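Structure below is final-v1.pdb: PDB, C-alpha atoms.
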```
ATOM      1  CA  MET A   1       0.000   0.000   0.000  1.00  0.00           C
ATOM      2  CA  ARG A   2       0.987   3.587  -0.454  1.00  0.00           C
ATOM      3  CA  VAL A   3       1.317   6.467   2.023  1.00  0.00           C
ATOM      4  CA  LYS A   4       2.243  10.111   1.556  1.00  0.00           C
ATOM      5  CA  VAL A   5       5.197  11.528   3.486  1.00  0.00           C
ATOM      6  CA  LYS A   6       5.910  15.227   3.954  1.00  0.00           C
ATOM      7  CA  PHE A   7       9.212  16.615   5.201  1.00  0.00           C
ATOM      8  CA  PHE A   8       9.613  19.945   6.972  1.00  0.00           C
ATOM      9  CA  ALA A   9      12.432  22.109   8.268  1.00  0.00           C
ATOM     10  CA  ILE A  10      15.631  20.191   9.014  1.00  0.00           C
ATOM     11  CA  LEU A  11      14.193  16.948   7.636  1.00  0.00           C
ATOM     12  CA  ARG A  12      13.205  18.616   4.359  1.00  0.00           C
ATOM     13  CA  GLU A  13      16.720  19.984   3.962  1.00  0.00           C
ATOM     14  CA  ARG A  14      18.328  16.668   4.849  1.00  0.00           C
ATOM     15  CA  ALA A  15      16.088  14.633   2.562  1.00  0.00           C
ATOM     16  CA  GLY A  16      16.462  17.203  -0.215  1.00  0.00           C
ATOM     17  CA  THR A  17      12.715  16.998  -0.915  1.00  0.00           C
ATOM     18  CA  ALA A  18       9.465  18.254   0.618  1.00  0.00           C
ATOM     19  CA  GLY A  19       7.746  14.915   0.284  1.00  0.00           C
ATOM     20  CA  ALA A  20       7.403  11.526  -1.280  1.00  0.00           C
ATOM     21  CA  ALA A  21       4.916   8.778  -1.948  1.00  0.00           C
ATOM     22  CA  LYS A  22       6.128   5.614  -0.303  1.00  0.00           C
ATOM     23  CA  GLU A  23       5.180   1.992  -0.887  1.00  0.00           C
ATOM     24  CA  ILE A  24       5.035   0.027   2.395  1.00  0.00           C
ATOM     25  CA  LYS A  25       3.846  -3.352   3.622  1.00  0.00           C
ATOM     26  CA  GLU A  26       0.362  -3.713   5.116  1.00  0.00           C
ATOM     27  CA  GLY A  27       0.567  -3.360   8.887  1.00  0.00           C
ATOM     28  CA  SER A  28       3.694  -1.184   8.873  1.00  0.00           C
ATOM     29  CA  THR A  29       4.073   1.170  11.807  1.00  0.00           C
ATOM     30  CA  VAL A  30       5.190   4.789  11.754  1.00  0.00           C
ATOM     31  CA  LYS A  31       8.493   3.709  13.254  1.00  0.00           C
ATOM     32  CA  GLU A  32       9.061   1.133  10.501  1.00  0.00           C
ATOM     33  CA  LEU A  33       8.294   3.771   7.889  1.00  0.00           C
ATOM     34  CA  TRP A  34      10.879   6.089   9.454  1.00  0.00           C
ATOM     35  CA  GLU A  35      13.504   3.325   9.382  1.00  0.00           C
ATOM     36  CA  SER A  36      12.734   2.652   5.765  1.00  0.00           C
ATOM     37  CA  LEU A  37      12.984   6.362   4.900  1.00  0.00           C
ATOM     38  CA  GLN A  38      16.381   6.502   6.561  1.00  0.00           C
ATOM     39  CA  ARG A  39      17.539   3.865   4.086  1.00  0.00           C
ATOM     40  CA  ASP A  40      16.079   5.868   1.161  1.00  0.00           C
ATOM     41  CA  TYR A  41      17.571   9.138   2.405  1.00  0.00           C
ATOM     42  CA  PRO A  42      20.803   8.366   4.282  1.00  0.00           C
ATOM     43  CA  GLN A  43      21.087  12.017   5.408  1.00  0.00           C
ATOM     44  CA  LEU A  44      18.015  11.464   7.612  1.00  0.00           C
ATOM     45  CA  ALA A  45      20.003   8.984   9.665  1.00  0.00           C
ATOM     46  CA  ARG A  46      22.171  11.897  10.759  1.00  0.00           C
ATOM     47  CA  VAL A  47      19.292  13.824  12.313  1.00  0.00           C
ATOM     48  CA  GLU A  48      19.803  13.485  16.046  1.00  0.00           C
ATOM     49  CA  ALA A  49      16.842  15.542  17.220  1.00  0.00           C
ATOM     50  CA  ARG A  50      13.958  13.723  18.883  1.00  0.00           C
ATOM     51  CA  LEU A  51      11.005  13.385  16.521  1.00  0.00           C
ATOM     52  CA  LEU A  52       7.260  13.409  17.031  1.00  0.00           C
ATOM     53  CA  TYR A  53       4.940  11.720  14.551  1.00  0.00           C
ATOM     54  CA  ALA A  54       1.771  13.023  12.941  1.00  0.00           C
ATOM     55  CA  VAL A  55      -0.678  11.092  10.794  1.00  0.00           C
ATOM     56  CA  ASN A  56      -3.514  12.940   9.033  1.00  0.00           C
ATOM     57  CA  LEU A  57      -2.843  16.072  11.120  1.00  0.00           C
ATOM     58  CA  ASN A  58      -2.867  14.306  14.505  1.00  0.00           C
ATOM     59  CA  TYR A  59       0.057  13.381  16.706  1.00  0.00           C
ATOM     60  CA  VAL A  60       0.382   9.599  17.064  1.00  0.00           C
ATOM     61  CA  ASN A  61       2.901   7.292  18.745  1.00  0.00           C
ATOM     62  CA  ALA A  62       5.643   5.391  16.969  1.00  0.00           C
ATOM     63  CA  GLY A  63       3.661   2.143  17.042  1.00  0.00           C
ATOM     64  CA  TYR A  64       0.727   3.569  15.104  1.00  0.00           C
ATOM     65  CA  VAL A  65      -0.237   1.191  12.289  1.00  0.00           C
ATOM     66  CA  LEU A  66      -0.505   2.977   8.952  1.00  0.00           C
ATOM     67  CA  LYS A  67      -3.359   2.748   6.486  1.00  0.00           C
ATOM     68  CA  GLU A  68      -3.548   3.306   2.737  1.00  0.00           C
ATOM     69  CA  ASP A  69      -3.257   7.005   1.774  1.00  0.00           C
ATOM     70  CA  ASP A  70      -2.257   8.195   5.241  1.00  0.00           C
ATOM     71  CA  GLU A  71      -0.369  11.489   5.283  1.00  0.00           C
ATOM     72  CA  VAL A  72       2.641  11.076   7.548  1.00  0.00           C
ATOM     73  CA  VAL A  73       4.799  13.870   8.915  1.00  0.00           C
ATOM     74  CA  PHE A  74       7.868  13.476  11.099  1.00  0.00           C
ATOM     75  CA  VAL A  75       7.973  16.479  13.390  1.00  0.00           C
ATOM     76  CA  PRO A  76      11.391  17.696  14.517  1.00  0.00           C
ATOM     77  CA  PRO A  77      11.443  19.787  17.725  1.00  0.00           C
ATOM     78  CA  VAL A  78       9.059  22.700  17.208  1.00  0.00           C
ATOM     79  CA  SER A  79      10.297  26.248  17.691  1.00  0.00           C
ATOM     80  CA  GLY A  80       7.454  28.629  16.872  1.00  0.00           C
ATOM     81  CA  GLY A  81       6.821  31.883  18.677  1.00  0.00           C
TER      82      GLY A  81
ATOM     83  CA  MET B   1      -9.066  33.329  14.281  1.00  0.00           C
ATOM     84  CA  PHE B   2      -6.185  30.874  14.169  1.00  0.00           C
ATOM     85  CA  ARG B   3      -3.868  31.054  11.220  1.00  0.00           C
ATOM     86  CA  VAL B   4      -0.412  31.064   9.734  1.00  0.00           C
ATOM     87  CA  THR B   5       0.432  33.562   7.035  1.00  0.00           C
ATOM     88  CA  PRO B   6       3.444  34.739   5.045  1.00  0.00           C
ATOM     89  CA  LYS B   7       2.229  38.355   5.316  1.00  0.00           C
ATOM     90  CA  PRO B   8       3.480  40.897   7.890  1.00  0.00           C
ATOM     91  CA  LEU B   9       1.309  40.731  11.011  1.00  0.00           C
ATOM     92  CA  LYS B  10      -1.011  43.495  12.132  1.00  0.00           C
ATOM     93  CA  LEU B  11      -1.820  43.596  15.829  1.00  0.00           C
ATOM     94  CA  LYS B  12      -4.837  45.805  15.089  1.00  0.00           C
ATOM     95  CA  GLU B  13      -6.415  43.016  13.086  1.00  0.00           C
ATOM     96  CA  ALA B  14      -6.140  40.577  15.999  1.00  0.00           C
ATOM     97  CA  VAL B  15      -7.506  43.149  18.451  1.00  0.00           C
ATOM     98  CA  ALA B  16     -10.426  43.914  16.154  1.00  0.00           C
ATOM     99  CA  TRP B  17     -11.202  40.205  15.929  1.00  0.00           C
ATOM    100  CA  VAL B  18     -11.485  39.748  19.708  1.00  0.00           C
ATOM    101  CA  THR B  19     -13.280  43.051  20.408  1.00  0.00           C
ATOM    102  CA  ASP B  20     -16.665  42.211  21.891  1.00  0.00           C
ATOM    103  CA  PRO B  21     -19.342  44.014  23.924  1.00  0.00           C
ATOM    104  CA  GLU B  22     -19.076  41.289  26.588  1.00  0.00           C
ATOM    105  CA  ALA B  23     -15.364  41.939  27.120  1.00  0.00           C
ATOM    106  CA  GLY B  24     -13.877  44.254  29.719  1.00  0.00           C
ATOM    107  CA  ALA B  25     -10.271  43.429  28.886  1.00  0.00           C
ATOM    108  CA  ILE B  26      -8.140  42.654  25.869  1.00  0.00           C
ATOM    109  CA  VAL B  27      -4.639  41.285  26.457  1.00  0.00           C
ATOM    110  CA  THR B  28      -2.193  41.014  23.579  1.00  0.00           C
ATOM    111  CA  PHE B  29       1.181  39.372  23.080  1.00  0.00           C
ATOM    112  CA  VAL B  30       3.537  40.209  20.238  1.00  0.00           C
ATOM    113  CA  GLY B  31       6.573  37.979  19.673  1.00  0.00           C
ATOM    114  CA  THR B  32       9.271  39.844  17.749  1.00  0.00           C
ATOM    115  CA  THR B  33      12.531  38.723  16.192  1.00  0.00           C
ATOM    116  CA  ARG B  34      15.549  39.887  18.175  1.00  0.00           C
ATOM    117  CA  ASN B  35      19.067  40.503  16.986  1.00  0.00           C
ATOM    118  CA  HIS B  36      20.911  38.196  19.366  1.00  0.00           C
ATOM    119  CA  ASN B  37      20.646  34.614  20.625  1.00  0.00           C
ATOM    120  CA  GLU B  38      23.108  32.649  22.754  1.00  0.00           C
ATOM    121  CA  GLY B  39      25.947  34.984  21.866  1.00  0.00           C
ATOM    122  CA  ARG B  40      25.203  34.984  18.142  1.00  0.00           C
ATOM    123  CA  ARG B  41      24.456  38.102  16.098  1.00  0.00           C
ATOM    124  CA  VAL B  42      21.116  37.255  14.472  1.00  0.00           C
ATOM    125  CA  ILE B  43      20.282  38.694  11.052  1.00  0.00           C
ATOM    126  CA  ALA B  44      16.799  37.239  10.488  1.00  0.00           C
ATOM    127  CA  LEU B  45      14.555  34.283  11.259  1.00  0.00           C
ATOM    128  CA  ASP B  46      13.016  31.983   8.664  1.00  0.00           C
ATOM    129  CA  TYR B  47       9.828  30.283   9.813  1.00  0.00           C
ATOM    130  CA  GLU B  48       8.311  27.189   8.269  1.00  0.00           C
ATOM    131  CA  ALA B  49       5.038  25.495   9.232  1.00  0.00           C
ATOM    132  CA  TYR B  50       3.043  22.389   8.482  1.00  0.00           C
ATOM    133  CA  ASP B  51       0.259  24.863   7.730  1.00  0.00           C
ATOM    134  CA  GLU B  52      -2.851  22.727   8.030  1.00  0.00           C
ATOM    135  CA  MET B  53      -1.767  21.034  11.220  1.00  0.00           C
ATOM    136  CA  ALA B  54      -0.377  24.246  12.730  1.00  0.00           C
ATOM    137  CA  GLU B  55      -3.744  25.965  12.282  1.00  0.00           C
ATOM    138  CA  LYS B  56      -5.504  22.952  13.742  1.00  0.00           C
ATOM    139  CA  GLU B  57      -3.180  22.991  16.782  1.00  0.00           C
ATOM    140  CA  LEU B  58      -3.651  26.749  17.227  1.00  0.00           C
ATOM    141  CA  ALA B  59      -7.418  26.208  17.215  1.00  0.00           C
ATOM    142  CA  TRP B  60      -6.963  23.498  19.837  1.00  0.00           C
ATOM    143  CA  ILE B  61      -5.122  26.019  22.029  1.00  0.00           C
ATOM    144  CA  GLY B  62      -8.116  28.344  21.666  1.00  0.00           C
ATOM    145  CA  ARG B  63     -10.587  25.637  22.675  1.00  0.00           C
ATOM    146  CA  GLU B  64      -8.439  24.530  25.591  1.00  0.00           C
ATOM    147  CA  ALA B  65      -8.085  28.137  26.826  1.00  0.00           C
ATOM    148  CA  LYS B  66     -11.866  28.525  26.685  1.00  0.00           C
ATOM    149  CA  GLU B  67     -12.271  25.490  28.908  1.00  0.00           C
ATOM    150  CA  ARG B  68      -9.746  26.719  31.455  1.00  0.00           C
ATOM    151  CA  TRP B  69     -10.628  30.425  31.650  1.00  0.00           C
ATOM    152  CA  LYS B  70     -13.674  32.600  31.099  1.00  0.00           C
ATOM    153  CA  ILE B  71     -12.538  34.228  27.907  1.00  0.00           C
ATOM    154  CA  THR B  72     -14.658  35.748  25.175  1.00  0.00           C
ATOM    155  CA  ARG B  73     -12.517  35.417  22.045  1.00  0.00           C
ATOM    156  CA  MET B  74      -8.986  34.562  21.039  1.00  0.00           C
ATOM    157  CA  ALA B  75      -6.903  35.250  17.948  1.00  0.00           C
ATOM    158  CA  ILE B  76      -3.498  33.754  17.177  1.00  0.00           C
ATOM    159  CA  ILE B  77      -1.678  34.614  13.967  1.00  0.00           C
ATOM    160  CA  HIS B  78       1.789  33.231  13.271  1.00  0.00           C
ATOM    161  CA  ARG B  79       3.943  34.491  10.446  1.00  0.00           C
ATOM    162  CA  ILE B  80       5.949  32.127   8.250  1.00  0.00           C
ATOM    163  CA  GLY B  81       8.781  32.759   5.836  1.00  0.00           C
ATOM    164  CA  HIS B  82      11.524  35.341   6.229  1.00  0.00           C
ATOM    165  CA  VAL B  83      10.987  37.675   9.195  1.00  0.00           C
ATOM    166  CA  PRO B  84      13.467  40.557   9.507  1.00  0.00           C
ATOM    167  CA  ILE B  85      14.729  41.678  12.925  1.00  0.00           C
ATOM    168  CA  THR B  86      12.206  43.735  14.984  1.00  0.00           C
ATOM    169  CA  GLU B  87       9.172  42.437  13.085  1.00  0.00           C
ATOM    170  CA  PRO B  88       6.426  40.367  14.768  1.00  0.00           C
ATOM    171  CA  SER B  89       6.515  36.612  14.226  1.00  0.00           C
ATOM    172  CA  VAL B  90       3.400  35.945  16.287  1.00  0.00           C
ATOM    173  CA  VAL B  91       0.505  38.003  17.616  1.00  0.00           C
ATOM    174  CA  ILE B  92      -2.034  36.826  20.170  1.00  0.00           C
ATOM    175  CA  ALA B  93      -5.107  38.714  21.367  1.00  0.00           C
ATOM    176  CA  VAL B  94      -7.509  37.518  24.042  1.00  0.00           C
ATOM    177  CA  SER B  95     -10.648  39.210  25.281  1.00  0.00           C
ATOM    178  CA  ALA B  96     -12.475  38.414  28.513  1.00  0.00           C
ATOM    179  CA  ALA B  97     -15.008  39.971  30.834  1.00  0.00           C
ATOM    180  CA  HIS B  98     -12.220  40.377  33.406  1.00  0.00           C
ATOM    181  CA  ARG B  99      -8.508  40.981  32.975  1.00  0.00           C
ATOM    182  CA  GLN B 100      -7.144  38.051  34.956  1.00  0.00           C
ATOM    183  CA  ASP B 101      -8.672  35.464  32.630  1.00  0.00           C
ATOM    184  CA  ALA B 102      -7.359  37.339  29.599  1.00  0.00           C
ATOM    185  CA  PHE B 103      -3.815  37.588  31.003  1.00  0.00           C
ATOM    186  CA  GLU B 104      -3.653  33.918  31.957  1.00  0.00           C
ATOM    187  CA  ALA B 105      -5.127  32.624  28.710  1.00  0.00           C
ATOM    188  CA  CYS B 106      -2.718  34.770  26.687  1.00  0.00           C
ATOM    189  CA  ARG B 107       0.270  33.417  28.632  1.00  0.00           C
ATOM    190  CA  PHE B 108      -1.023  29.882  28.160  1.00  0.00           C
ATOM    191  CA  ALA B 109      -1.345  30.397  24.396  1.00  0.00           C
ATOM    192  CA  ILE B 110       2.244  31.485  23.797  1.00  0.00           C
ATOM    193  CA  GLU B 111       3.654  28.736  26.034  1.00  0.00           C
ATOM    194  CA  GLU B 112       1.617  26.071  24.209  1.00  0.00           C
ATOM    195  CA  ILE B 113       2.676  27.371  20.800  1.00  0.00           C
ATOM    196  CA  LYS B 114       6.263  26.723  21.784  1.00  0.00           C
ATOM    197  CA  LYS B 115       5.470  23.159  22.884  1.00  0.00           C
ATOM    198  CA  SER B 116       3.193  21.566  20.345  1.00  0.00           C
ATOM    199  CA  VAL B 117       2.472  23.567  17.204  1.00  0.00           C
ATOM    200  CA  PRO B 118       4.378  22.314  14.109  1.00  0.00           C
ATOM    201  CA  ILE B 119       6.224  25.533  13.311  1.00  0.00           C
ATOM    202  CA  TRP B 120      10.003  25.726  13.046  1.00  0.00           C
ATOM    203  CA  LYS B 121      12.428  28.605  12.954  1.00  0.00           C
ATOM    204  CA  LYS B 122      15.783  28.759  11.339  1.00  0.00           C
ATOM    205  CA  GLU B 123      18.064  31.377  12.771  1.00  0.00           C
ATOM    206  CA  ILE B 124      20.269  33.137  10.246  1.00  0.00           C
ATOM    207  CA  PHE B 125      23.210  34.617  12.073  1.00  0.00           C
ATOM    208  CA  GLU B 126      26.572  36.102  11.195  1.00  0.00           C
ATOM    209  CA  GLY B 127      28.555  33.117   9.961  1.00  0.00           C
ATOM    210  CA  GLY B 128      25.856  30.503   9.515  1.00  0.00           C
ATOM    211  CA  GLU B 129      22.347  29.268  10.229  1.00  0.00           C
ATOM    212  CA  VAL B 130      20.686  26.798  12.595  1.00  0.00           C
ATOM    213  CA  TRP B 131      17.295  25.168  13.026  1.00  0.00           C
ATOM    214  CA  ILE B 132      16.379  26.055  16.598  1.00  0.00           C
ATOM    215  CA  GLY B 133      15.290  23.367  19.025  1.00  0.00           C
ATOM    216  CA  THR B 134      16.562  19.909  19.841  1.00  0.00           C
ATOM    217  CA  GLN B 135      15.995  17.551  22.739  1.00  0.00           C
ATOM    218  CA  SER B 136      18.676  19.297  24.782  1.00  0.00           C
ATOM    219  CA  GLY B 137      17.312  22.727  23.972  1.00  0.00           C
ATOM    220  CA  GLN B 138      20.405  23.508  21.923  1.00  0.00           C
ATOM    221  CA  PRO B 139      20.254  24.466  18.260  1.00  0.00           C
ATOM    222  CA  PHE B 140      21.082  21.724  15.805  1.00  0.00           C
ATOM    223  CA  GLN B 141      24.078  22.937  13.843  1.00  0.00           C
ATOM    224  CA  MET B 142      23.846  22.579  10.094  1.00  0.00           C
ATOM    225  CA  ASP B 143      26.985  21.968   8.111  1.00  0.00           C
ATOM    226  CA  ARG B 144      27.675  24.065   5.052  1.00  0.00           C
ATOM    227  CA  GLU B 145      27.440  21.216   2.589  1.00  0.00           C
ATOM    228  CA  VAL B 146      23.861  20.423   3.560  1.00  0.00           C
ATOM    229  CA  ARG B 147      22.792  24.053   3.723  1.00  0.00           C
ATOM    230  CA  ARG B 148      23.548  24.593   0.039  1.00  0.00           C
ATOM    231  CA  ARG B 149      21.280  21.780  -1.164  1.00  0.00           C
TER     232      ARG B 149
END
```
Please re-express this file's structure in structure tokens.
Amino acid sequence: MRVKVKFFAILRERAGTAGAAKEIKEGSTVKELWESLQRDYPQLARVEARLLYAVNLNYVNAGYVLKEDDEVVFVPPVSGG
Amino acid sequence: MFRVTPKPLKLKEAVAWVTDPEAGAIVTFVGTTRNHNEGRRVIALDYEAYDEMAEKELAWIGREAKERWKITRMAIIHRIGHVPITEPSVVIAVSAAHRQDAFEACRFAIEEIKKSVPIWKKEIFEGGEVWIGTQSGQPFQMDREVRRR
């Protein structure tokens, strides 16, 4: 199945792209998707900041099981204000 | 009104939005970009947001504030993109029947923005740039090779 990934801020710069469609196995978790993306974009493996995860505009935990067409965003430490 | 925008912010607009006959107080907060941070000479800040989710999280802050305090209306507008020194990056306005609720809700709003809203700032300083905010609270230093990509 396919999910949509968006990259922001430091992750966007490291990946060199603002987003990608990604083919994953049924039952994959957010954490497994992140590990797979780190293989696709080796520069992401160098990001040491702690990440939060958002699926379809809501924060979720790393064990969240993805569904077809989910929009997934890895959220580096926020710094608004 | 909860939004992110690339346009310069106008405090008046936020105040107008929260003005209400029921209100006896309007408290505002304006976050501005300053020229120094941790010993660095800052030239500008570049803000980036996950727009849809940021606006959703800002609206959550508004709902949560309404549950905790007796406030009438709230507006939060956050600027994105390049923000020169001295210009506002965020404006908050809160109206309430009584001032204490407005003060506390306004304080709550800015603190929450810094915790949970998907907005990031890159500090451009003399000699380099950094994305602010890591687990340790220290900026994550970018190397020059990556910055050029």
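Picture a line from atom CA of A:Arg50 to atom CA of A:Pro76; it runs 6.4 Å.
For the choices A:Arg2, A:Gly80, A:Gln38, A:Arg46, the atom-to-atom distance to B:Ile110 is smallest for A:Gly80 when using all atoms listed in the file.
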Selection result of the ChimeraX specification (/B :<6) & /A on this file, as a PDB file with C-alpha atoms, keeping the file's coordinate frame:
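As a result, part-v6.pdb now contains:
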```
ATOM      1  CA  ALA A  49      16.842  15.542  17.220  1.00  0.00           C
ATOM      2  CA  ARG A  50      13.958  13.723  18.883  1.00  0.00           C
ATOM      3  CA  LEU A  57      -2.843  16.072  11.120  1.00  0.00           C
ATOM      4  CA  PRO A  77      11.443  19.787  17.725  1.00  0.00           C
ATOM      5  CA  VAL A  78       9.059  22.700  17.208  1.00  0.00           C
ATOM      6  CA  SER A  79      10.297  26.248  17.691  1.00  0.00           C
ATOM      7  CA  GLY A  80       7.454  28.629  16.872  1.00  0.00           C
ATOM      8  CA  GLY A  81       6.821  31.883  18.677  1.00  0.00           C
TER       9      GLY A  81
END
```
Check: When the PyMOL selection byres ((chain B and resi 95) around 6) is applied to the file above, which residues end up in the set, as a PyMOL selection string?
Finding: chain B and resi 18+23+25-26+71-73+94+96+102
Would you mind exporting the chosen residues as an mmCIF file, in the frame of the given file, restricted to C-alpha atoms?
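See part_22.cif below for the written result:
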```cif
data_model
loop_
_atom_site.group_PDB
_atom_site.id
_atom_site.type_symbol
_atom_site.label_atom_id
_atom_site.label_comp_id
_atom_site.auth_asym_id
_atom_site.auth_seq_id
_atom_site.Cartn_x
_atom_site.Cartn_y
_atom_site.Cartn_z
ATOM 1 C CA VAL B 18 -11.485 39.748 19.708
ATOM 2 C CA ALA B 23 -15.364 41.939 27.120
ATOM 3 C CA ALA B 25 -10.271 43.429 28.886
ATOM 4 C CA ILE B 26 -8.140 42.654 25.869
ATOM 5 C CA ILE B 71 -12.538 34.228 27.907
ATOM 6 C CA THR B 72 -14.658 35.748 25.175
ATOM 7 C CA ARG B 73 -12.517 35.417 22.045
ATOM 8 C CA VAL B 94 -7.509 37.518 24.042
ATOM 9 C CA ALA B 96 -12.475 38.414 28.513
ATOM 10 C CA ALA B 102 -7.359 37.339 29.599
#
```
Check: What does the distance from atom CA of A:Met1 to atom CA of A:Gly19 come to in Å, to one decimal?
Finding: 16.8 Å
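Here atom CA of A:Phe74 and atom CA of B:Phe125 stand 26.1 Å from one another.
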Check: Which residue, A:Ala20, A:Val72, A:Lys6, A:Tyr53, has the smallest gap to A:Asp40 when you use all atoms listed in the file?
Finding: A:Ala20
Do a neighbour search on A:Lys67 at 10 Å with all atoms listed in the file, toss out local chain neighbours closer than 6 positions, and write the hits as an mmCIF file with C-alpha atoms, in the frame of the given file.
```cif
data_model
loop_
_atom_site.group_PDB
_atom_site.id
_atom_site.type_symbol
_atom_site.label_atom_id
_atom_site.label_comp_id
_atom_site.auth_asym_id
_atom_site.auth_seq_id
_atom_site.Cartn_x
_atom_site.Cartn_y
_atom_site.Cartn_z
ATOM 1 C CA MET A 1 0.000 0.000 0.000
ATOM 2 C CA ARG A 2 0.987 3.587 -0.454
ATOM 3 C CA VAL A 3 1.317 6.467 2.023
ATOM 4 C CA ILE A 24 5.035 0.027 2.395
ATOM 5 C CA LYS A 25 3.846 -3.352 3.622
ATOM 6 C CA GLU A 26 0.362 -3.713 5.116
ATOM 7 C CA GLY A 27 0.567 -3.360 8.887
ATOM 8 C CA SER A 28 3.694 -1.184 8.873
ATOM 9 C CA THR A 29 4.073 1.170 11.807
ATOM 10 C CA VAL A 55 -0.678 11.092 10.794
#
```
Checklist line | Using all atoms listed in the file: which of A:Ala45, A:Ala54, A:Val75, A:Leu37 has the shortest distance to A:Ala21 | finding: A:Leu37
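Closest approach to A:Lys22 among A:Leu66, A:Ile10, A:Leu52, A:Leu44: A:Leu66, based on only C-alpha atoms.
This file gives the following result for the PyMOL selection byres ((chain B and resi 1) around 10): Phe2, Arg3, Ala14, Trp17, Val18, Glu55, Leu58, Ala59, Gly62, Arg73, Met74, Ala75, Ile76, Ile77, Ile92 and Ala93 of chain B.
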Checklist line | Using all atoms listed in the file: which of B:Glu13, B:Glu123, B:Asp101, B:Glu64 has the shortest distance to A:Ala9 | finding: B:Glu123
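Closest approach to A:Gln43 among A:Glu71, A:Asn58, A:Tyr64, A:Glu13: A:Glu13, based on only C-alpha atoms.
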How big is the axis-aligned box around all listed atoms of stretch 41-46 of chain B once 5 Å goes on each side, and where's its centre, in Å to one decimal, as AutoDock Vina command-line options?
```
--center_x 18.7 --center_y 35.3 --center_z 12.4 --size_x 21.4 --size_y 16.7 --size_z 17.4
```
